[in-house]
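Enquirer: Below is the structure I would like to discuss, written out as structure tokens.
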Amino acid sequence: MIKNKIQELAANIYNDVVGFRHHLHANPELSFKEFETSLFVKDKLTKWGIEFTSCANTGVVGLIKGNKPSDQIIALRADMDALPIHEANDKPYKSKNHGVMHACGHDVHTSSLLGTAYILNQLKDEFGGTIKLIFQPAEELLPGGASIMIKEGVLENPKPQAIVGQHVMPMIESGKVGFRSGVYMASTDELYVTVTGKGGHGAQPHQNIDPVVIASHIIIALQQIVSRNADPRLPSVLSFGKVIANGATNIIPNEVKIEGTFRTLDEEWRAEAHKRMKKMAEGMAESMGGSCDFDIHKGYPFLINEEKLTGNARQFAEDFLGKDKIVDLDIWMAAEDFAFYSQVTDACFYRLGTGNAEKDTMHSVHTPKFDIDEDALKISTGLMAYIAVKQLGN
């Protein structure tokens with residue numbers, strides 16, 4: 001029975017996968033700079049006799065062909081980049097690169113997909129079809145490594161009918177996984193706003209055009225885009241996290257810079273909101289005697305899990321782990337560049353539980369204390385392998 005064989009191989013490779021993860025965690029690399037990580041992946045694939053090519057500079061694309069006859073193709077994806085965060089954990093495998101940390105679990109994703117590759121490569125006589133292994137750079141930085149890999153043909157030659165990815169989630173108990181069909185994660189856009197006025201002495205405001213006051217009005221007014229223009233049934237988020245008014249207690253500056261993010265789950269509303277935000281901010285600044293440059297860096301689209309594929313994957317997970325180990329996911333307003341794949345082909349993006357209060361692994365991703373319960377690696381490799389071979393029709 002192929003499930004039993006996968007479970008046995010996953011147990012055999014577990015200690016190696018933990019070692020892979022420790023090495024990657026201790027040697028994190030930022031987006032588009034995953035040179036050593038890429039070499040590490042290539043070294044393991046070479047050792048196991050798995051053919052691969054390079055893509056998007058540091059990306060790696062492996063190929064495993066089952067020996068039974070089938071023209072079905074599925075892709076499995078893991079991201080490889082780290083974040084510009086200084087790690088606060090004191091573990092033997094803590095980051096050696098000051099100010100760089102695997103705070104989003106990409107070390108887990110890469111080491112897990114390596115383990116999955118090992119399992120599948122050992123089972124080539126047991127299944128038919130082709131499995132494409134996508135080790136992707138730069139999930140954390142626009143324009144996103146997924147978009148570049150797609151442009152360079154990662155979903156062609158051979159062309160997969162589906163793609164599957166997994167991502168750590170500390171809010172889910174280790175040993176469990178989460179699924180959601182349909183729209184799951186939000187689009188994301190970066191907002192860069194410069195409000196220009198006329199600076200001067202703070203005691204003579206009548207001689208100035210105060211960009212701080214203008215910027216304050218703009219920030220508050222733009223919240224109406226969500227509260228009064230968006231359909232209340234459609235989730236939207238507009239947040240500003242950076243405001244720079246480089247004056248002093250008695251100095252009004254010439255300009256104020258604002259940075260923020262806009263996220264939603266509908267492309268038509270996304271485009272409409274862009275127009276409304278820009279028009280409102282520029283009009284308000286002009287009405288107060290200043291000017292506003294409203295620059296929108298369009299980011300990742302929303303992520304949609306194709307319902308049939310996701311339903312299949314959930315059923316396979318129930319079979320592999322047990323129904324009690326499967327949880328339902330809610331809409332998540334964070335963004336992921338896996339969304340680019342979901343806009344091109346059938347996709348399933350599920351969550352790997354890594355949380356364990358006793359092991360202090362409940363800290364959120366993108367924080368200096370993030371870590372995982374490594375018991376999650378006992379299922380991360382085998383589950384993805386099982387989903388792949390079952391989806392291929394074996």
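As shown in the structure tokens, the chain order sets the letters A, B, ...; within each chain, residues go from 1, and ligands are also counted from 1 in the order they appear.
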What are the DSSP strand (DSSP E) residues of range 152-198 of chain A, as number ranges by chain?

Expert: A: 162-173, 177-179, 182-185, 189-196

Enquirer: So that I can check the surroundings of Asp319 in chain A, please list as an MDAnalysis selection string every protein, DNA and RNA residue that reaches within 10 Å of it, counting only C-alpha atoms and ignoring chain neighbours fewer than 2 positions away.

Expert: chainID A and resid 3 313:317 321:323 383 386:387

Enquirer: What's the 12 Å shell around Ile172 in chain A, counting only C-alpha atoms, without same-chain residues fewer than 6 positions away, as an NGL selection string?

Expert: :A and (178-179 or 325-329 or 350-357 or 361-364 or 372-373 or 376)

Enquirer: Next, dump the selected residues to file, keeping only C-alpha atoms, as a compact mmCIF listing (two decimals), in the first residue's frame.

Expert:
# COMPACT_ATOMS: atom_id res chain seq x y z
CA GLY A 178 -5.62 23.36 7.42
CA PHE A 179 -7.51 23.70 4.14
CA LYS A 325 -6.03 16.23 12.13
CA ILE A 326 -7.72 18.45 9.52
CA VAL A 327 -8.97 21.96 10.31
CA ASP A 328 -10.92 24.56 8.34
CA LEU A 329 -9.16 27.79 7.43
CA TYR A 350 -2.68 24.52 2.58
CA ARG A 351 -1.33 25.19 6.08
CA LEU A 352 1.05 23.05 8.11
CA GLY A 353 0.47 23.38 11.84
CA THR A 354 3.65 24.15 13.80
CA GLY A 355 2.28 25.49 17.08
CA ASN A 356 3.08 23.98 20.47
CA ALA A 357 2.73 26.10 23.62
CA THR A 361 6.38 27.83 19.07
CA MET A 362 3.23 29.93 19.09
CA HIS A 363 4.95 33.17 18.02
CA SER A 364 3.64 34.62 14.77
CA ILE A 372 8.45 25.63 14.93
CA ASP A 373 7.68 22.39 16.66
CA ALA A 376 5.57 18.95 12.14

Enquirer: Would you mind listing what lies within 7 Å of range 338-342 of chain A as a PyMOL selection string, with only C-alpha atoms counted and same-chain residues fewer than 2 positions away left out?

Expert: chain A and resi 146-147+300-305+336+344-347

Enquirer: Can you check which residues of range 42-120 of chain A DSSP gives as helix (DSSP H, G or I) on the backbone and send them as a count of residues only?

Expert: 21

Enquirer: Which polymer residues have any atom within 12 Å of an atom of range 224-227 of chain A, counting only C-alpha atoms, with same-chain residues fewer than 4 positions away left out, as a PyMOL selection string?

Expert: chain A and resi 217-220+231-239+262-264+269-270+272-281

Enquirer: Residues as selected, C-alpha atoms, written as a compact mmCIF listing (two decimals), in the first residue's frame, can you do that?

Expert:
# COMPACT_ATOMS: atom_id res chain seq x y z
CA HIS A 217 -6.31 64.66 6.83
CA ILE A 218 -5.41 62.36 3.95
CA ILE A 219 -4.69 59.38 6.23
CA ILE A 220 -8.01 59.77 8.05
CA ASP A 231 -18.98 46.57 -0.36
CA PRO A 232 -19.19 45.63 3.35
CA ARG A 233 -19.42 41.97 2.31
CA LEU A 234 -16.01 42.21 0.64
CA PRO A 235 -12.98 42.21 2.96
CA SER A 236 -10.65 45.17 2.41
CA VAL A 237 -7.75 46.48 4.48
CA LEU A 238 -6.04 49.88 4.23
CA SER A 239 -3.21 50.43 6.70
CA PHE A 262 -4.00 48.01 0.56
CA ARG A 263 -5.42 44.49 0.43
CA THR A 264 -8.62 42.96 -0.85
CA TRP A 269 -12.73 46.55 -6.57
CA ARG A 270 -8.94 46.61 -6.25
CA GLU A 272 -11.51 50.94 -8.44
CA ALA A 273 -10.01 51.51 -5.00
CA HIS A 274 -6.69 52.52 -6.55
CA LYS A 275 -8.44 55.26 -8.56
CA ARG A 276 -10.46 56.48 -5.57
CA MET A 277 -7.48 56.65 -3.21
CA LYS A 278 -5.33 58.56 -5.67
CA LYS A 279 -8.11 61.01 -6.58
CA MET A 280 -9.08 61.66 -2.96
CA ALA A 281 -5.51 62.23 -1.73

Enquirer: For range 6-73 of chain A versus range 111-122 of chain A, which residues have an atom no more than 7 Å away, and what is each residue's nearest atom pair and distance in Å rounded to one decimal, using only C-alpha atoms, chain-then-number order, as JSON lines?

Expert:
{"residue": "A:Ile6", "atom": "CA", "partner": "A:Ile119", "partner_atom": "CA", "distance": 6.6}
{"residue": "A:Leu9", "atom": "CA", "partner": "A:Ile119", "partner_atom": "CA", "distance": 5.9}
{"residue": "A:Ala10", "atom": "CA", "partner": "A:Ile119", "partner_atom": "CA", "distance": 6.8}
{"residue": "A:Ile13", "atom": "CA", "partner": "A:Gly115", "partner_atom": "CA", "distance": 6.5}
{"residue": "A:Val17", "atom": "CA", "partner": "A:Ser111", "partner_atom": "CA", "distance": 5.6}
{"residue": "A:Phe20", "atom": "CA", "partner": "A:Ser111", "partner_atom": "CA", "distance": 5.5}
{"residue": "A:Arg21", "atom": "CA", "partner": "A:Ser111", "partner_atom": "CA", "distance": 5.4}
{"residue": "A:Ile64", "atom": "CA", "partner": "A:Asn121", "partner_atom": "CA", "distance": 6.5}

Enquirer: Would you please work out which residue, of A:Met288, A:Val365, A:Ile252, A:Leu142, is nearest to Glu87 in chain A when using only C-alpha atoms?

Expert: A:Val365

Enquirer: Just to confirm, what's the straight-line distance from CA of Asn208 in chain A to CA of Asn250 in chain A in Å (one decimal)?

Expert: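 Interatomic distance here is 12.5 Å.
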
Enquirer: Which residue, A:Phe349, A:Tyr192, A:Trp48, A:Tyr93, has the smallest gap to His23 in chain A when you use only C-alpha atoms?

Expert: A:Tyr93

Enquirer: Considering only C-alpha atoms, return as a PyMOL selection string whatever protein or nucleic-acid residues lie within 9 Å of Ala334 in chain A, sequence-local ones (same chain, fewer than 6 positions apart) excluded.

Expert: chain A and resi 185-188+263

Enquirer: Can you tell me, as a ChimeraX atom specification, what residues are no more than 8 Å from Glu190 in chain A when counting only C-alpha atoms, ignoring any on the same chain fewer than 2 positions away?

Expert: /A:188,192,259-262,296-299

Enquirer: Pick from A:Asp324, A:Glu29, A:Asp107, A:Glu306: nearest to Leu83 in chain A, with only C-alpha atoms counted?

Expert: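 When distances to Leu83 in chain A are compared using only C-alpha atoms, the smallest one comes from A:Glu29.
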